[in-house]
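Engineer: Quick one: the structure is below, and I'll ask about it shortly.
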Amino acid sequence: MRVNRSKRLLRRARQLMPGGVSSPVRAFNSVGGTPRFIARASGSSIEDVDGNRYVDYVASWGAIIAGHAHPVIVEAVRRAAANGISFGAPTEAEIELAERIVACVPSIEMLRLVTSGTEAAMSALRLARAATGRDRILKFEGCYHGHADAVLAAAGSGVATLGIPGSAGVPAAAVADTLVVAFNDLAAVEAAFTARPDEIAAVVVEPIPANMGLAWPDVDFLSRLRELCDAFGSLLVFDEVISGFRVGLGGAQERFGVTPDLTCLGKVIGGGLPVGAYGGSARLMQRIAPVGDVYQAGTLAGNPLAVAAGLAALELITPPGVFDAFEASSLRIAKELEAAAREAGLPFQTRAAGALFGLAFSETPVRSFADAAAADHDRYGRFFHAMLDQGIYLAPSGYEAGFLTLAHGDGEIDQLLQAARRAFKKVA
Ligand code: KE4
């Protein structure tokens, strides 16, 4: 496969941008090889600058749900742009987007639009601290909530660890109040609460973690987090930036029947343009400026083009049956990938939920970041390239997930499975 133009562009980009990319995972460091510079995309397909076409299972990390360049979304953005790009003033479309989100996610009575998932999570945690008058945050190793300092905390070994920076440049002070425990480790959560009964402002969690491959909560894990937060006066924050409007219109909270106090959203609700949101009860959200005393702001928050794209995307996934079809597709992918890997004699695990699926070269299902890290990432890298060479574009990291769109029909999935059967044999 010729990638000369991508190689040339990468050399040029690296002179100007770290790694030549605008976000680290795009650099292919985890899988090696040359990141593809994308020229155009349509439906389920993306085309790189060398003219190679791929069926895309990254979908802008889940932000694309209706398919690339969906005509309804493109037209919505065009029409919005014709009326002005950004005003920095309220618009009716923001109300409509808020109404649609509130209608789908019962735990959200009121929300604030922001421009990224990072901002949504950062702001939700600031609100939780204000609402409880406490400073400590408990998060789970491997769950990603954007790159704000307070959530870039590393886990130590064993029980809850406090205050370990997860990145250079994050001062110890910024994570001094961040407790990190293993996902699914209820004993560690209970111990953290017992040790600090009136210190924890919030437990923040991806209810279906999709940043350690796709992990899955043990039965009752999420409902137990709810109980513990109630018992100790802490808030439960669901980071549904990936799972929201992707595992169902009501997200993971609807799927598991667990109601968080605050929800973070992103990706799908912007239809591929920059939108994030955080929301919860009106009582809680009234603490946010300008009504309340918790400050949060953003020049391009509620941007008319992004809101138009988000509204159009939500409109396209609302009809009855859309998520049944997504679920059928992702379950088929999981089932047939597992069968093909078994046939090739490979240790392999998959997970599926709505328009999201996960895969790991692992003997055991991924229940925690330790499980994800123990998977065979070298083999994943070779599998990734064996698929890329056959025109299938998976996430360039074994710590990510697979994303479906409305444009992924049986034909695309047949192609994925056929390529996987060959790729499994190649990496066995
Ligand atoms: P953004 O700031 O990137 O919009 O959202 C941060 C975020 C928050 N919460 C969850 C659960 C997320 O998955 C993310 C971002 N997701 C990654 C993909 N795993 C974005 C891709 C990237 O970083 O380039």
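The chains in the structure tokens are called A, B, ... from first to last as shown; in each chain the residues are counted from 1, and the ligands are counted from 1 in the order shown.
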Extract, using only C-alpha atoms, all DNA, RNA and protein residues at most 8 Å from region 103-119 of chain A, discarding same-chain residues fewer than 5 positions from it, and format them as an MDAnalysis selection string.
Structural biologist: chainID A and resid 98 145:148 241 249:251 254 259:267 274:282 285 297:298 300:302
Engineer: Could you name the residues that touch Asp50 (chain A) at 7 Å or less, counting only C-alpha atoms, but leaving out those on the same chain fewer than 4 positions away, as a list in words?
Structural biologist: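 With the cut-off at 7 Å, the set is Arg2, Val3, Asn4, Arg5 and Ser6 of chain A.
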Engineer: The selected residues should be written to file as a compact mmCIF listing (two decimals), in the first residue's frame (atoms: all heavy atoms).
Structural biologist:
# COMPACT_ATOMS: atom_id res chain seq x y z
N ARG A 2 0.70 2.14 -1.00
CA ARG A 2 1.51 3.35 -1.09
C ARG A 2 1.04 4.37 -0.06
O ARG A 2 -0.14 4.66 0.04
CB ARG A 2 1.34 3.97 -2.49
CG ARG A 2 2.32 3.50 -3.55
CD ARG A 2 1.94 4.03 -4.93
NE ARG A 2 1.00 5.13 -4.92
CZ ARG A 2 1.34 6.41 -4.79
NH1 ARG A 2 2.62 6.71 -4.63
NH2 ARG A 2 0.43 7.38 -4.79
N VAL A 3 1.96 4.88 0.73
CA VAL A 3 1.62 5.93 1.70
C VAL A 3 2.62 7.07 1.59
O VAL A 3 2.93 7.74 2.58
CB VAL A 3 1.54 5.37 3.13
CG1 VAL A 3 0.34 4.46 3.30
CG2 VAL A 3 2.84 4.68 3.53
N ASN A 4 3.12 7.29 0.37
CA ASN A 4 4.18 8.31 0.20
C ASN A 4 3.74 9.71 0.61
O ASN A 4 4.47 10.43 1.27
CB ASN A 4 4.65 8.33 -1.26
CG ASN A 4 5.21 6.97 -1.66
OD1 ASN A 4 5.51 6.15 -0.79
ND2 ASN A 4 5.32 6.72 -2.95
N ARG A 5 2.54 10.08 0.22
CA ARG A 5 2.10 11.44 0.54
C ARG A 5 1.91 11.59 2.06
O ARG A 5 2.29 12.61 2.64
CB ARG A 5 0.80 11.80 -0.19
CG ARG A 5 1.06 12.47 -1.55
CD ARG A 5 -0.19 13.01 -2.22
NE ARG A 5 -0.91 14.01 -1.45
CZ ARG A 5 -0.49 15.25 -1.25
NH1 ARG A 5 0.69 15.64 -1.71
NH2 ARG A 5 -1.21 16.13 -0.56
N SER A 6 1.35 10.53 2.69
CA SER A 6 1.21 10.62 4.15
C SER A 6 2.59 10.77 4.79
O SER A 6 2.78 11.56 5.72
CB SER A 6 0.51 9.37 4.71
OG SER A 6 -0.89 9.47 4.58
Engineer: Between CA of Ile200 (chain A) and CA of Val247 (chain A), what is the distance in Å, rounded to a tenth?
Structural biologist: 28.9 Å
Engineer: If you run DSSP over the backbone, which residues in region 131-377 of chain A end up helix (DSSP H, G or I)? Put them as a ChimeraX atom specification.
Structural biologist: /A:131-132,149-151,172-175,186-195,221-232,251-256,267-270,282-285,304-317,322-343,369-374,377
Engineer: So that I can see what lies close to Val74 (chain A), please list as a ChimeraX atom specification the residues with an atom at most 10 Å from it, counting only C-alpha atoms and leaving out residues fewer than 2 positions away in the same chain.
Structural biologist: /A:68-72,76-80,271,305,308-309,312
Engineer: Please report the interatomic distance between CA of Leu9 (chain A) and atom 16 (N, counted along the ligand's line) of ligand 1 in Å with one decimal.
Structural biologist: 24.7 Å
Engineer: Run DSSP on the backbone and give me the residues of region 92-155 of chain A it puts in strand (DSSP E), as JSON, numbers by chain.
Structural biologist: {"A": [110, 111, 112, 113, 114, 136, 137, 138, 139, 140, 141]}
Engineer: Would you mind exporting N, CA, C and O atoms of the selected residues as a compact mmCIF listing (two decimals), in the first residue's frame?
Structural biologist:
# COMPACT_ATOMS: atom_id res chain seq x y z
N MET A 110 -31.11 19.81 33.61
CA MET A 110 -30.52 21.05 33.13
C MET A 110 -29.06 20.77 32.76
O MET A 110 -28.43 19.90 33.37
N LEU A 111 -28.56 21.46 31.76
CA LEU A 111 -27.19 21.18 31.32
C LEU A 111 -26.51 22.47 30.87
O LEU A 111 -27.15 23.51 30.69
N ARG A 112 -25.21 22.39 30.77
CA ARG A 112 -24.41 23.46 30.17
C ARG A 112 -23.62 22.89 29.01
O ARG A 112 -22.96 21.84 29.16
N LEU A 113 -23.70 23.54 27.85
CA LEU A 113 -22.92 23.13 26.68
C LEU A 113 -21.50 23.67 26.79
O LEU A 113 -21.29 24.82 27.19
N VAL A 114 -20.53 22.82 26.47
CA VAL A 114 -19.13 23.25 26.43
C VAL A 114 -18.55 22.77 25.08
O VAL A 114 -19.31 22.36 24.20
N ARG A 136 -11.96 16.02 47.60
CA ARG A 136 -11.43 14.78 47.03
C ARG A 136 -12.32 14.25 45.90
O ARG A 136 -13.54 14.35 45.96
N ILE A 137 -11.64 13.69 44.90
CA ILE A 137 -12.33 13.03 43.78
C ILE A 137 -11.82 11.61 43.73
O ILE A 137 -10.60 11.38 43.88
N LEU A 138 -12.70 10.65 43.53
CA LEU A 138 -12.26 9.27 43.35
C LEU A 138 -12.52 8.87 41.90
O LEU A 138 -13.63 9.03 41.40
N LYS A 139 -11.44 8.42 41.22
CA LYS A 139 -11.59 7.96 39.84
C LYS A 139 -11.01 6.57 39.73
O LYS A 139 -10.44 6.04 40.68
N PHE A 140 -11.13 5.99 38.55
CA PHE A 140 -10.70 4.61 38.35
C PHE A 140 -9.56 4.55 37.35
O PHE A 140 -9.60 5.23 36.32
N GLU A 141 -8.59 3.72 37.68
CA GLU A 141 -7.42 3.58 36.80
C GLU A 141 -7.87 3.13 35.40
O GLU A 141 -8.70 2.21 35.29
Engineer: Quick check, in Å to one decimal: how far apart do CA of Arg226 (chain A) and CA of Ile242 (chain A) lie?
Structural biologist: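 Computing the Euclidean distance for CA of Arg226 (chain A) and CA of Ile242 (chain A) yields 20.4 Å.
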Engineer: Could you tell me which of A:Ala121, A:Ala340, A:Leu404, A:Ala155 comes closest to Val203 (chain A) if we count only C-alpha atoms?
Structural biologist: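 Among the listed residues, the smallest separation from Val203 (chain A) belongs to A:Ala121.
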Engineer: Could you name the residues that touch Gly310 (chain A) at 7 Å or less, counting only C-alpha atoms, but leaving out those on the same chain fewer than 6 positions away, as a PDB file with N, CA, C and O atoms, in the first residue's frame?
Structural biologist:
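Result went into around27.pdb, see below:
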ATOM      1  N   VAL A 268     -20.867  12.385  20.120  1.00  0.00           N
ATOM      2  CA  VAL A 268     -22.093  12.250  19.309  1.00  0.00           C
ATOM      3  C   VAL A 268     -22.948  13.516  19.348  1.00  0.00           C
ATOM      4  O   VAL A 268     -23.508  13.925  18.327  1.00  0.00           O
ATOM      5  N   ILE A 269     -23.034  14.182  20.514  1.00  0.00           N
ATOM      6  CA  ILE A 269     -23.955  15.331  20.612  1.00  0.00           C
ATOM      7  C   ILE A 269     -23.473  16.535  19.813  1.00  0.00           C
ATOM      8  O   ILE A 269     -24.173  17.540  19.717  1.00  0.00           O
ATOM      9  N   GLY A 270     -22.269  16.426  19.242  1.00  0.00           N
ATOM     10  CA  GLY A 270     -21.783  17.501  18.365  1.00  0.00           C
ATOM     11  C   GLY A 270     -21.753  17.062  16.906  1.00  0.00           C
ATOM     12  O   GLY A 270     -21.353  17.819  16.039  1.00  0.00           O
ATOM     13  N   GLY A 271     -22.143  15.794  16.655  1.00  0.00           N
ATOM     14  CA  GLY A 271     -22.216  15.316  15.278  1.00  0.00           C
ATOM     15  C   GLY A 271     -20.894  15.395  14.539  1.00  0.00           C
ATOM     16  O   GLY A 271     -20.841  15.370  13.312  1.00  0.00           O
TER      17      GLY A 271
END
Engineer: As number ranges by chain, please: the residues near His377 (chain A) (cut-off 8 Å, only C-alpha atoms, same-chain neighbours under 4 positions excluded).
Structural biologist: A: 361, 373, 381, 398
Engineer: Go through A:Leu388, A:Leu235, A:Val175, A:Val21 and flag the residue nearest Leu125 (chain A), using only C-alpha atoms for the distances.
Structural biologist: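 Distance minimum relative to Leu125 (chain A) lands on A:Leu235.
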Engineer: Contacts of region 166-168 of chain A at 6 Å or less, counting only C-alpha atoms, minus same-chain residues fewer than 3 places along, as a PyMOL selection string?
Structural biologist: chain A and resi 152-154
Engineer: Write out, as a compact mmCIF listing (two decimals), in the first residue's frame, the residues just selected, with N, CA and C atoms.
Structural biologist:
# COMPACT_ATOMS: atom_id res chain seq x y z
N LEU A 152 -5.65 13.77 35.59
CA LEU A 152 -4.46 13.10 35.03
C LEU A 152 -3.64 12.57 36.21
N ALA A 153 -4.26 11.63 36.92
CA ALA A 153 -3.62 11.05 38.12
C ALA A 153 -3.36 9.57 37.84
N ALA A 154 -2.24 9.10 38.30
CA ALA A 154 -1.89 7.70 38.08
C ALA A 154 -2.32 6.87 39.27
Engineer: In terms of the shortest atom-to-atom distance over only C-alpha atoms, which of A:Ala313, A:Ile38, A:Ala420, A:Ala182 is closest to Ala339 (chain A)?
Structural biologist: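 Ranked by minimum distance to Ala339 (chain A), first place goes to A:Ala420.
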Engineer: Leu331 (chain A): which residues within 9 Å, counting only C-alpha atoms, same-chain residues fewer than 6 positions away excluded, as a PyMOL selection string?
Structural biologist: chain A and resi 351-354+357
Engineer: Would you mind exporting the chosen residues as a PDB file, in the first residue's frame, restricted to C-alpha atoms?
Structural biologist:
ATOM      1  CA  ARG A 351     -17.364  -6.826  24.100  1.00  0.00           C
ATOM      2  CA  ALA A 352     -20.320  -5.177  22.360  1.00  0.00           C
ATOM      3  CA  ALA A 353     -22.821  -2.501  23.391  1.00  0.00           C
ATOM      4  CA  GLY A 354     -24.929  -0.549  20.921  1.00  0.00           C
ATOM      5  CA  PHE A 357     -17.370  -2.788  20.488  1.00  0.00           C
TER       6      PHE A 357
END
Engineer: Select, from A:Glu96, A:Pro197, A:Ser157, A:Ile65, the residue with the minimum atom-to-atom distance to Gly248 (chain A), counting only C-alpha atoms.
Structural biologist: A:Ile65
Engineer: Could you tell me which of A:Ile95, A:Val237, A:Leu314, A:Ala81 comes closest to ligand 1 if we count only C-alpha atoms and all ligand atoms?
Structural biologist: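 Closest to ligand 1, using only C-alpha atoms and all ligand atoms: A:Val237.
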Engineer: So, with only C-alpha atoms and all ligand atoms as the atoms that count, which of A:Ala174, A:Ala120, A:Ala386, A:Ile46 lies closest to ligand 1?
Structural biologist: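 Ranked by minimum distance to ligand 1, first place goes to A:Ala120.
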